[in-house]
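For reference, entry.csv is printed below; it contains CSV, C-alpha atoms and all ligand atoms.
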chain,number,residue,atom,x,y,z
A,88,MET,CA,3.0,258.5,35.3
A,89,ASN,CA,0.4,260.3,33.2
A,90,ARG,CA,-1.0,258.2,30.3
A,91,ALA,CA,-3.4,259.9,27.9
A,92,ILE,CA,-7.0,258.6,28.1
A,93,PRO,CA,-8.9,258.4,24.8
A,94,THR,CA,-11.7,261.0,25.3
A,95,GLU,CA,-15.0,260.0,23.6
A,96,THR,CA,-17.3,262.7,22.3
A,97,LEU,CA,-20.8,261.5,22.9
A,98,LYS,CA,-24.0,262.8,21.2
A,99,ALA,CA,-26.9,263.8,23.4
A,100,ASP,CA,-29.0,260.9,22.1
A,101,PRO,CA,-30.2,257.8,24.0
A,102,GLN,CA,-27.1,255.8,23.0
A,103,GLY,CA,-24.7,258.6,24.1
A,104,LEU,CA,-26.6,259.1,27.4
A,105,ALA,CA,-26.4,255.4,28.1
A,106,ARG,CA,-22.7,255.4,27.4
A,107,ALA,CA,-22.1,258.4,29.6
A,108,ALA,CA,-24.1,256.9,32.5
A,109,GLU,CA,-22.1,253.6,32.1
A,110,LEU,CA,-18.8,255.5,32.2
A,111,LEU,CA,-19.9,257.3,35.4
A,112,ALA,CA,-20.9,254.0,37.0
A,113,ARG,CA,-17.4,252.6,36.3
A,114,GLY,CA,-15.7,255.6,38.0
A,115,GLY,CA,-15.1,257.5,34.8
A,116,LEU,CA,-15.1,261.3,34.3
A,117,VAL,CA,-17.8,262.6,32.0
A,118,ALA,CA,-18.2,266.3,31.1
A,119,PHE,CA,-21.8,267.2,30.5
A,120,PRO,CA,-23.7,270.4,29.6
A,121,THR,CA,-25.8,272.3,32.1
A,122,GLU,CA,-27.6,275.6,31.4
A,123,THR,CA,-24.8,277.5,33.2
A,124,VAL,CA,-21.5,275.9,32.0
A,125,TYR,CA,-20.2,272.4,31.3
A,126,GLY,CA,-19.5,270.3,34.4
A,127,LEU,CA,-16.9,267.6,34.9
A,128,GLY,CA,-18.9,264.8,36.5
A,129,ALA,CA,-18.0,261.9,38.6
A,130,ASP,CA,-20.0,259.6,40.9
A,131,ALA,CA,-20.1,261.6,44.2
A,132,ARG,CA,-20.0,258.4,46.3
A,133,ASP,CA,-16.8,257.1,44.7
A,134,ASP,CA,-13.6,258.5,46.4
A,135,THR,CA,-11.3,257.5,43.5
A,136,ALA,CA,-13.6,259.0,40.8
A,137,VAL,CA,-13.9,262.2,42.8
A,138,ALA,CA,-10.1,262.4,43.4
A,139,ARG,CA,-9.6,262.0,39.6
A,140,ILE,CA,-11.6,265.3,39.1
A,141,PHE,CA,-9.0,267.2,41.0
A,142,GLU,CA,-6.2,265.5,39.1
A,143,ALA,CA,-7.8,266.1,35.7
A,144,LYS,CA,-8.4,269.8,36.5
A,145,GLY,CA,-5.0,270.3,38.1
A,146,ARG,CA,-6.8,271.8,41.1
A,147,PRO,CA,-4.2,272.8,43.6
A,148,ARG,CA,-6.4,272.1,46.6
A,149,PHE,CA,-9.4,269.9,47.5
A,150,ASN,CA,-12.0,272.5,47.3
A,151,PRO,CA,-15.5,271.2,47.9
A,152,LEU,CA,-17.6,270.3,44.8
A,153,ILE,CA,-21.3,270.9,43.8
A,154,VAL,CA,-23.4,267.7,43.8
A,155,HIS,CA,-25.9,267.5,40.9
A,156,LEU,CA,-29.2,265.8,41.3
A,157,PRO,CA,-32.2,265.1,39.1
A,158,ASP,CA,-35.0,266.0,41.7
A,159,ILE,CA,-35.6,267.4,45.1
A,160,ALA,CA,-36.3,263.9,46.6
A,161,ALA,CA,-32.7,263.0,45.9
A,162,ALA,CA,-31.6,266.3,47.3
A,163,ARG,CA,-33.5,265.6,50.6
A,164,ARG,CA,-31.6,262.4,51.0
A,165,ILE,CA,-28.3,264.3,51.1
A,166,ALA,CA,-29.0,267.6,53.0
A,167,LEU,CA,-31.4,269.2,55.5
A,168,PHE,CA,-33.6,271.9,54.2
A,169,PRO,CA,-34.2,274.8,56.6
A,170,ASP,CA,-37.3,277.0,55.7
A,171,ALA,CA,-35.3,279.4,53.6
A,172,ALA,CA,-33.9,276.5,51.6
A,173,GLU,CA,-37.4,275.1,51.0
A,174,ARG,CA,-38.5,278.5,49.7
A,175,LEU,CA,-35.5,279.0,47.3
A,176,ALA,CA,-35.6,275.4,46.0
A,177,GLY,CA,-39.3,275.7,45.4
A,178,ALA,CA,-38.9,278.9,43.5
A,179,PHE,CA,-35.7,278.3,41.5
A,180,TRP,CA,-35.0,274.6,41.1
A,181,PRO,CA,-34.3,273.3,38.6
A,182,GLY,CA,-32.1,276.2,37.6
A,183,PRO,CA,-28.8,278.2,38.0
A,184,LEU,CA,-28.9,278.2,41.8
A,185,THR,CA,-26.7,276.2,44.1
A,186,LEU,CA,-27.6,275.8,47.8
A,187,VAL,CA,-25.0,275.0,50.5
A,188,LEU,CA,-26.9,273.2,53.2
A,189,PRO,CA,-26.3,271.1,56.3
A,190,LEU,CA,-25.1,267.6,55.2
A,191,ARG,CA,-27.0,264.6,56.4
A,192,PRO,CA,-24.7,262.2,58.2
A,193,ASP,CA,-26.0,259.3,56.3
A,194,ALA,CA,-25.7,260.9,52.8
A,195,GLY,CA,-23.1,258.5,51.6
A,196,LEU,CA,-21.0,261.0,49.7
A,197,SER,CA,-17.2,260.7,49.4
A,198,PRO,CA,-15.8,263.1,52.0
A,199,LEU,CA,-13.7,264.6,49.2
A,200,VAL,CA,-16.9,266.1,47.8
A,201,THR,CA,-17.5,268.2,50.9
A,202,ALA,CA,-13.8,268.6,51.7
A,203,GLY,CA,-14.6,267.1,55.1
A,204,ASN,CA,-17.1,269.9,55.9
A,205,ASP,CA,-20.6,269.3,57.4
A,206,THR,CA,-22.2,271.3,54.6
A,207,VAL,CA,-22.8,270.3,51.0
A,208,ALA,CA,-23.5,272.3,47.8
A,209,LEU,CA,-26.5,271.0,45.8
A,210,ARG,CA,-27.9,271.9,42.5
A,211,LEU,CA,-30.7,270.6,40.2
A,212,PRO,CA,-29.7,271.7,36.7
A,213,ALA,CA,-32.5,272.7,34.3
A,214,HIS,CA,-30.7,271.5,31.1
A,215,ALA,CA,-32.6,268.6,29.5
A,216,VAL,CA,-29.3,266.7,28.7
A,217,ALA,CA,-28.0,267.1,32.3
A,218,ARG,CA,-31.3,265.9,33.7
A,219,ALA,CA,-31.5,262.9,31.4
A,220,LEU,CA,-28.0,261.9,32.4
A,221,LEU,CA,-28.7,262.3,36.1
A,222,VAL,CA,-31.9,260.2,35.8
A,223,ARG,CA,-30.2,257.5,33.8
A,224,PHE,CA,-27.2,257.4,36.1
A,225,GLY,CA,-29.4,257.3,39.2
A,226,GLY,CA,-26.9,258.7,41.7
A,227,PRO,CA,-25.4,262.0,42.9
A,228,VAL,CA,-22.9,263.5,40.4
A,229,ALA,CA,-20.1,265.8,41.7
A,230,ALA,CA,-19.1,268.3,39.1
A,231,PRO,CA,-17.0,271.4,39.1
A,232,SER,CA,-16.8,273.4,35.8
A,233,ALA,CA,-15.0,271.3,33.2
A,234,ASN,CA,-11.9,273.4,32.7
A,235,PRO,CA,-8.3,273.2,33.8
A,236,SER,CA,-8.0,274.9,37.2
A,237,GLY,CA,-7.8,278.7,36.9
A,238,LYS,CA,-8.9,278.8,33.3
A,239,VAL,CA,-12.1,280.2,31.7
A,240,SER,CA,-15.2,278.0,32.2
A,241,PRO,CA,-16.4,276.0,29.2
A,242,THR,CA,-19.7,276.8,27.6
A,243,ARG,CA,-19.4,274.5,24.6
A,244,ALA,CA,-18.2,270.9,24.2
A,245,GLU,CA,-15.3,272.1,22.1
A,246,HIS,CA,-14.0,274.2,25.0
A,247,VAL,CA,-14.0,271.1,27.2
A,248,ALA,CA,-12.0,269.1,24.7
A,249,GLU,CA,-9.5,271.9,24.3
A,250,GLY,CA,-8.7,271.9,28.0
A,251,LEU,CA,-9.2,268.3,29.1
A,252,ALA,CA,-8.9,265.9,26.1
A,253,GLY,CA,-6.7,263.0,27.1
A,254,ARG,CA,-7.6,263.4,30.8
A,255,ILE,CA,-11.3,262.4,30.9
A,256,GLU,CA,-13.3,259.5,29.6
A,257,ALA,CA,-16.0,261.5,27.7
A,258,VAL,CA,-17.7,264.8,26.7
A,259,LEU,CA,-21.4,264.7,26.2
A,260,ASP,CA,-22.1,267.3,23.6
A,261,GLY,CA,-25.2,269.4,24.3
A,262,GLY,CA,-24.3,272.5,22.3
A,263,ALA,CA,-23.8,276.0,23.7
A,264,CYS,CA,-25.0,276.7,27.3
A,265,ASP,CA,-27.9,279.2,27.6
A,266,VAL,CA,-26.9,281.1,30.8
A,267,GLY,CA,-23.1,281.0,30.2
A,268,LEU,CA,-22.1,281.9,33.8
A,269,GLU,CA,-21.8,279.5,36.8
A,270,SER,CA,-24.7,279.2,39.2
A,271,THR,CA,-25.3,281.7,42.0
A,272,ILE,CA,-24.3,280.0,45.3
A,273,VAL,CA,-26.3,280.7,48.5
A,274,GLY,CA,-25.3,279.2,51.9
A,275,ILE,CA,-28.1,278.4,54.3
A,276,GLY,CA,-27.3,277.6,57.9
A,277,ALA,CA,-29.2,275.3,60.2
A,278,ASP,CA,-30.7,278.5,61.7
A,279,GLY,CA,-32.0,279.5,58.2
A,280,ALA,CA,-29.6,282.4,57.8
A,281,ALA,CA,-28.9,282.9,54.0
A,282,THR,CA,-25.5,284.2,52.7
A,283,LEU,CA,-24.4,285.0,49.2
A,284,LEU,CA,-21.3,282.9,48.5
A,285,ARG,CA,-20.9,283.6,44.8
A,286,PRO,CA,-22.9,285.8,42.4
A,287,GLY,CA,-23.9,283.9,39.2
A,288,GLY,CA,-26.5,283.0,36.7
A,289,LEU,CA,-29.5,283.8,39.0
A,290,PRO,CA,-29.6,287.5,39.8
A,291,VAL,CA,-29.2,288.3,43.5
A,292,GLU,CA,-32.1,290.7,43.4
A,293,VAL,CA,-34.5,287.9,42.3
A,294,ILE,CA,-33.3,285.8,45.3
A,295,GLU,CA,-33.7,288.6,47.7
A,296,ASP,CA,-37.2,289.3,46.4
A,297,CYS,CA,-38.1,285.7,47.1
A,298,LEU,CA,-36.7,285.7,50.6
A,299,GLY,CA,-38.1,289.2,51.4
A,300,HIS,CA,-34.8,290.4,52.8
A,301,PRO,CA,-31.3,291.1,51.7
A,302,LEU,CA,-28.8,288.2,51.6
A,303,ALA,CA,-25.8,288.4,54.0
A,304,ARG,CA,-22.5,288.8,52.2
A,305,ARG,CA,-19.6,286.4,52.9
A,306,GLY,CA,-17.1,287.8,55.3
A,307,GLU,CA,-13.4,288.0,54.4
A,308,ASP,CA,-12.6,285.5,57.1
A,309,ALA,CA,-14.8,282.7,55.8
A,310,ALA,CA,-13.6,279.3,56.8
A,311,ILE,CA,-13.9,277.8,53.3
A,312,SER,CA,-12.4,279.7,50.5
A,313,ALA,CA,-14.0,279.0,47.2
A,314,PRO,CA,-11.8,279.2,44.1
A,315,GLY,CA,-14.4,281.6,42.7
A,316,GLN,CA,-13.4,283.8,45.6
A,317,LEU,CA,-9.7,283.9,44.9
A,318,GLY,CA,-8.1,286.9,43.1
A,319,SER,CA,-7.1,285.5,39.8
A,320,HIS,CA,-9.5,283.0,38.3
A,321,TYR,CA,-11.2,282.5,35.0
A,322,ALA,CA,-8.0,283.8,33.5
A,323,PRO,CA,-7.4,284.1,29.7
A,324,GLU,CA,-3.7,284.2,28.5
A,325,ALA,CA,-4.0,287.9,27.5
A,326,GLY,CA,-4.0,290.8,29.9
A,327,ILE,CA,-7.4,292.3,30.7
A,328,ARG,CA,-8.2,296.0,31.2
A,329,LEU,CA,-11.7,296.8,32.6
A,330,GLU,CA,-14.1,299.8,32.2
A,331,ALA,CA,-12.6,300.7,28.9
A,332,ARG,CA,-14.7,303.3,27.1
A,333,ALA,CA,-12.3,303.1,24.2
A,334,PRO,CA,-9.3,300.9,23.4
A,335,ARG,CA,-5.8,302.3,23.8
A,336,ALA,CA,-3.2,301.9,21.0
A,337,GLY,CA,-2.5,298.2,20.4
A,338,GLU,CA,-5.4,296.9,22.6
A,339,LEU,CA,-8.2,294.6,21.4
A,340,TRP,CA,-11.5,296.0,22.4
A,341,LEU,CA,-14.4,293.8,23.7
A,342,GLY,CA,-17.5,295.9,23.5
A,343,PHE,CA,-20.9,295.9,25.3
A,344,GLY,CA,-23.9,297.7,24.0
A,345,PRO,CA,-24.3,300.2,21.2
A,346,GLY,CA,-21.6,302.8,20.6
A,347,CYS,CA,-18.7,300.3,20.5
A,348,GLU,CA,-17.7,300.8,16.8
A,349,GLY,CA,-14.3,299.4,16.3
A,350,ALA,CA,-14.7,296.7,18.9
A,351,ALA,CA,-13.2,293.3,17.8
A,352,MET,CA,-16.3,291.6,19.4
A,353,ASN,CA,-19.3,292.8,21.3
A,354,LEU,CA,-20.8,290.9,24.3
A,355,SER,CA,-24.3,292.3,23.4
A,356,PRO,CA,-24.6,294.9,20.7
A,357,GLY,CA,-28.1,295.7,22.0
A,358,GLY,CA,-26.9,296.0,25.6
A,359,ASP,CA,-28.7,293.0,26.9
A,360,LEU,CA,-27.1,291.5,30.1
A,361,VAL,CA,-28.6,288.1,29.6
A,362,GLU,CA,-27.1,287.9,26.1
A,363,ALA,CA,-23.8,289.2,27.4
A,364,ALA,CA,-23.6,286.6,30.2
A,365,ALA,CA,-24.3,283.8,27.6
A,366,ASN,CA,-21.5,285.2,25.4
A,367,LEU,CA,-18.9,286.1,28.1
A,368,PHE,CA,-16.7,283.0,28.3
A,369,HIS,CA,-17.0,282.2,24.6
A,370,HIS,CA,-16.0,285.8,23.6
A,371,LEU,CA,-13.1,285.8,26.1
A,372,ARG,CA,-11.8,282.7,24.5
A,373,ALA,CA,-12.2,284.0,21.0
A,374,MET,CA,-10.5,287.3,21.9
A,375,ASP,CA,-7.7,285.4,23.6
A,376,ALA,CA,-7.1,283.5,20.4
A,377,LEU,CA,-7.0,286.8,18.4
A,378,ALA,CA,-4.6,288.5,20.9
A,379,GLN,CA,-0.9,288.5,20.1
A,380,THR,CA,1.6,287.7,23.0
A,381,GLY,CA,1.5,290.5,25.5
A,382,GLN,CA,-1.5,292.2,23.9
A,383,VAL,CA,-4.2,293.5,26.2
A,384,ILE,CA,-8.0,292.9,25.9
A,385,ALA,CA,-9.8,296.1,26.9
A,386,VAL,CA,-13.4,295.4,28.1
A,387,ALA,CA,-16.2,298.0,27.9
A,388,PRO,CA,-18.0,298.9,31.1
A,389,ILE,CA,-20.8,296.6,32.1
A,390,PRO,CA,-23.7,297.9,34.3
A,391,GLU,CA,-23.5,296.6,37.9
A,392,HIS,CA,-27.1,295.2,38.3
A,393,GLY,CA,-28.9,292.0,37.5
A,394,LEU,CA,-26.5,289.5,35.7
A,395,GLY,CA,-24.1,292.4,35.3
A,396,ARG,CA,-22.9,291.8,38.8
A,397,ALA,CA,-21.9,288.3,38.1
A,398,ILE,CA,-20.3,289.3,34.7
A,399,ASN,CA,-18.3,292.0,36.5
A,400,ASP,CA,-17.3,289.5,39.2
A,401,ARG,CA,-15.9,287.1,36.6
A,402,LEU,CA,-14.2,290.0,34.6
A,403,ARG,CA,-12.5,291.3,37.8
A,404,ARG,CA,-11.1,287.9,38.5
A,405,ALA,CA,-9.9,287.6,34.9
A,406,ALA,CA,-8.2,290.9,35.3
A,407,ALA,CA,-6.7,290.2,38.7
A,408,PRO,CA,-2.9,289.8,39.0
A,409,ARG,CA,-1.9,286.2,38.2
A,410,PRO,CA,-0.4,284.0,40.9
B,1,LIG,O1,-22.9,276.4,37.4
B,1,LIG,C1,-22.1,275.8,38.2
B,1,LIG,O2,-22.2,276.0,39.5
B,1,LIG,C2,-21.2,274.8,37.6
B,1,LIG,C3,-22.0,273.7,37.0
B,1,LIG,C4,-21.1,272.6,36.4
B,1,LIG,O3,-22.9,273.2,37.9
B,1,LIG,N1,-20.3,274.3,38.6
B,1,LIG,C5,-19.3,275.1,39.2
B,1,LIG,O4,-18.5,274.4,40.1
B,1,LIG,O5,-19.1,276.2,39.0
B,1,LIG,P1,-17.1,274.9,40.6
B,1,LIG,O6,-16.4,273.8,41.4
B,1,LIG,O7,-16.3,275.5,39.5
B,1,LIG,O8,-17.5,275.9,41.7
B,1,LIG,C6,-18.2,275.5,42.9
B,1,LIG,C7,-18.0,276.4,44.0
B,1,LIG,C8,-16.6,276.4,44.5
B,1,LIG,O9,-16.2,277.8,44.6
B,1,LIG,C9,-16.6,275.7,45.8
B,1,LIG,O10,-15.6,276.1,46.7
B,1,LIG,C10,-18.0,276.0,46.3
B,1,LIG,O11,-18.8,276.0,45.1
B,1,LIG,N2,-18.6,275.1,47.2
B,1,LIG,C11,-18.8,273.8,47.0
B,1,LIG,N3,-19.2,273.2,48.2
B,1,LIG,C12,-19.2,274.1,49.1
B,1,LIG,C13,-19.5,274.1,50.5
B,1,LIG,N4,-19.8,273.0,51.2
B,1,LIG,N5,-19.4,275.3,51.2
B,1,LIG,C14,-19.0,276.4,50.5
B,1,LIG,N6,-18.7,276.5,49.2
B,1,LIG,C15,-18.8,275.3,48.5
B,2,MG,MG,-14.9,276.7,38.1

Could you rewrite the structure in this file as structure tokens?
Ligand code: TXA
Ligand code: MG
Amino acid sequence: MNRAIPTETLKADPQGLARAAELLARGGLVAFPTETVYGLGADARDDTAVARIFEAKGRPRFNPLIVHLPDIAAARRIALFPDAAERLAGAFWPGPLTLVLPLRPDAGLSPLVTAGNDTVALRLPAHAVARALLVRFGGPVAAPSANPSGKVSPTRAEHVAEGLAGRIEAVLDGGACDVGLESTIVGIGADGAATLLRPGGLPVEVIEDCLGHPLARRGEDAAISAPGQLGSHYAPEAGIRLEARAPRAGELWLGFGPGCEGAAMNLSPGGDLVEAAANLFHHLRAMDALAQTGQVIAVAPIPEHGLGRAINDRLRRAAAPRP
């Protein structure tokens, strides 16, 4: 039986943070802002709380979750840090980078967080509200993006409420997310080999510069399939057509850069990829609301470099055939 839970909207002030931490400590689900997207948080040590994340999102499978921590000392208690991990964490944490690392046997996490694997995904978010919540709660917080499974990730508290009100205890409102795309995920084996598992808010080029060599790319036969790796994901209701230099009759056009006169919205009129990333999910939602049933959203071409790679990755998933 599914009974609706009253979902509190909390201000990002000391009182709201205290309430959010208290709800987490009681096994509650609290959505909170990070610089990438809003996360749906639960105590990563509490099996029931973690299981409720999957239930609230309607996730079809127990995919492993990212564990959010306030500082590197907390991260070291959960995972081993091969040299490459030390280097990337030193350069990019806190920030929009998730590292998948060898799990310490004594980490104390619910096995649901890692889906029973011997690796764990860790992230130190840079957002001040996320950090304040993690410090106040004082434990590891498992958090996928705070959207129903398969839908567009939320970059504002209102998006979270649209998708999950009645299924979670609270949303901590920290305004719009700066980066607007999920974190880049890099896996690092015990031997130090680094593999790109998901492009995201930290450009791949910047990571490769730091390591001094290219990242391996995930093979098709990878043992763990991340939902970000499935065909259709981040899906709006409307159909999507990519690489649209102009709209066809009846289409709504989502522009990028100058020269998109007649576009219903523009991801970045000046052609700035950082601005486009920050706007992506918000604009997709707004265009979806504008679209009539069956209408197609045509999206202007986005250059395939820097954050453009992650933007195109998300757009290709949004355009993929629906299951
Ligand atoms: O920016 C982000 O990363 C946001 C914010 C809230 O931190 N979180 C997010 O979580 O995007 P989620 O669950 O939507 O995506 C996490 C991805 C999934 O594709 C999952 O399969 C992968 O991380 N993942 C988690 N643990 C893993 C592991 N041990 N090995 C491989 N992939 C893992
Ligand atoms: Mg997600």

Skip segment 348-357 of chain A itself and residues of its chain fewer than 2 positions away, then list as a VMD selection string all residues within 12 Å of it, counting only C-alpha atoms.
chain A and resid 267 331 to 335 338 to 346 359 to 378 384 to 389 395 398

Got a sec to check which residues lie within 10 Å of ligand MG 2 (chain B), using all atoms listed in the file, and send them as number ranges by chain?
A: 124-127, 144, 146, 152, 230-241, 268-269, 313-315, 320-321

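For the choices A:His300, A:Arg132, A:Arg305, A:His214, the atom-to-atom distance to Gly226 of chain A is smallest for A:Arg132 when using all atoms listed in the file.
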
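Across A:Asp265, A:Asp133, A:Asp170, A:Glu109, the tightest approach to ligand LIG 1 (chain B) is made by A:Asp265 when counting all atoms listed in the file.
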
Can you tell me how far atom CA of Leu211 of chain A sits from atom CA of Leu259 of chain A, in Å to one decimal?
17.8 Å

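The coordinates place atom CA of Val228 of chain A at 21.0 Å from atom CA of Gly177 of chain A.
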
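Distance check against Thr123 of chain A using all atoms listed in the file: of A:Ala277, A:Cys264, A:Cys347, A:Ala107, the minimum falls on A:Cys264.
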
Here atom CA of Pro390 of chain A and atom CA of Glu330 of chain A stand apart by 10.0 Å

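Closest approach to ligand LIG 1 (chain B) from the set A:Pro93, A:Pro169, A:Gly114, A:Pro120 is made by A:Pro120, with distances taken over all atoms listed in the file.
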
Would you list the contacts of Glu173 of chain A as a list in words, taking every protein, DNA or RNA residue within 12 Å and counting all atoms listed in the file, but skipping same-chain residues closer than 3 positions in sequence?
Ile159, Ala162, Arg163, Ala166, Leu167, Phe168, Pro169, Asp170, Ala176, Gly177, Ala178, Phe179, Trp180, Leu186, Leu188, Ile275, Gly279, Ala281, Cys297 and Leu298 of chain A

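For the set A:Ala172, A:Ala131, A:Ala229, A:Ala215, the residue with the smallest atom-to-atom gap to Gly195 of chain A is A:Ala131, counting all atoms listed in the file.
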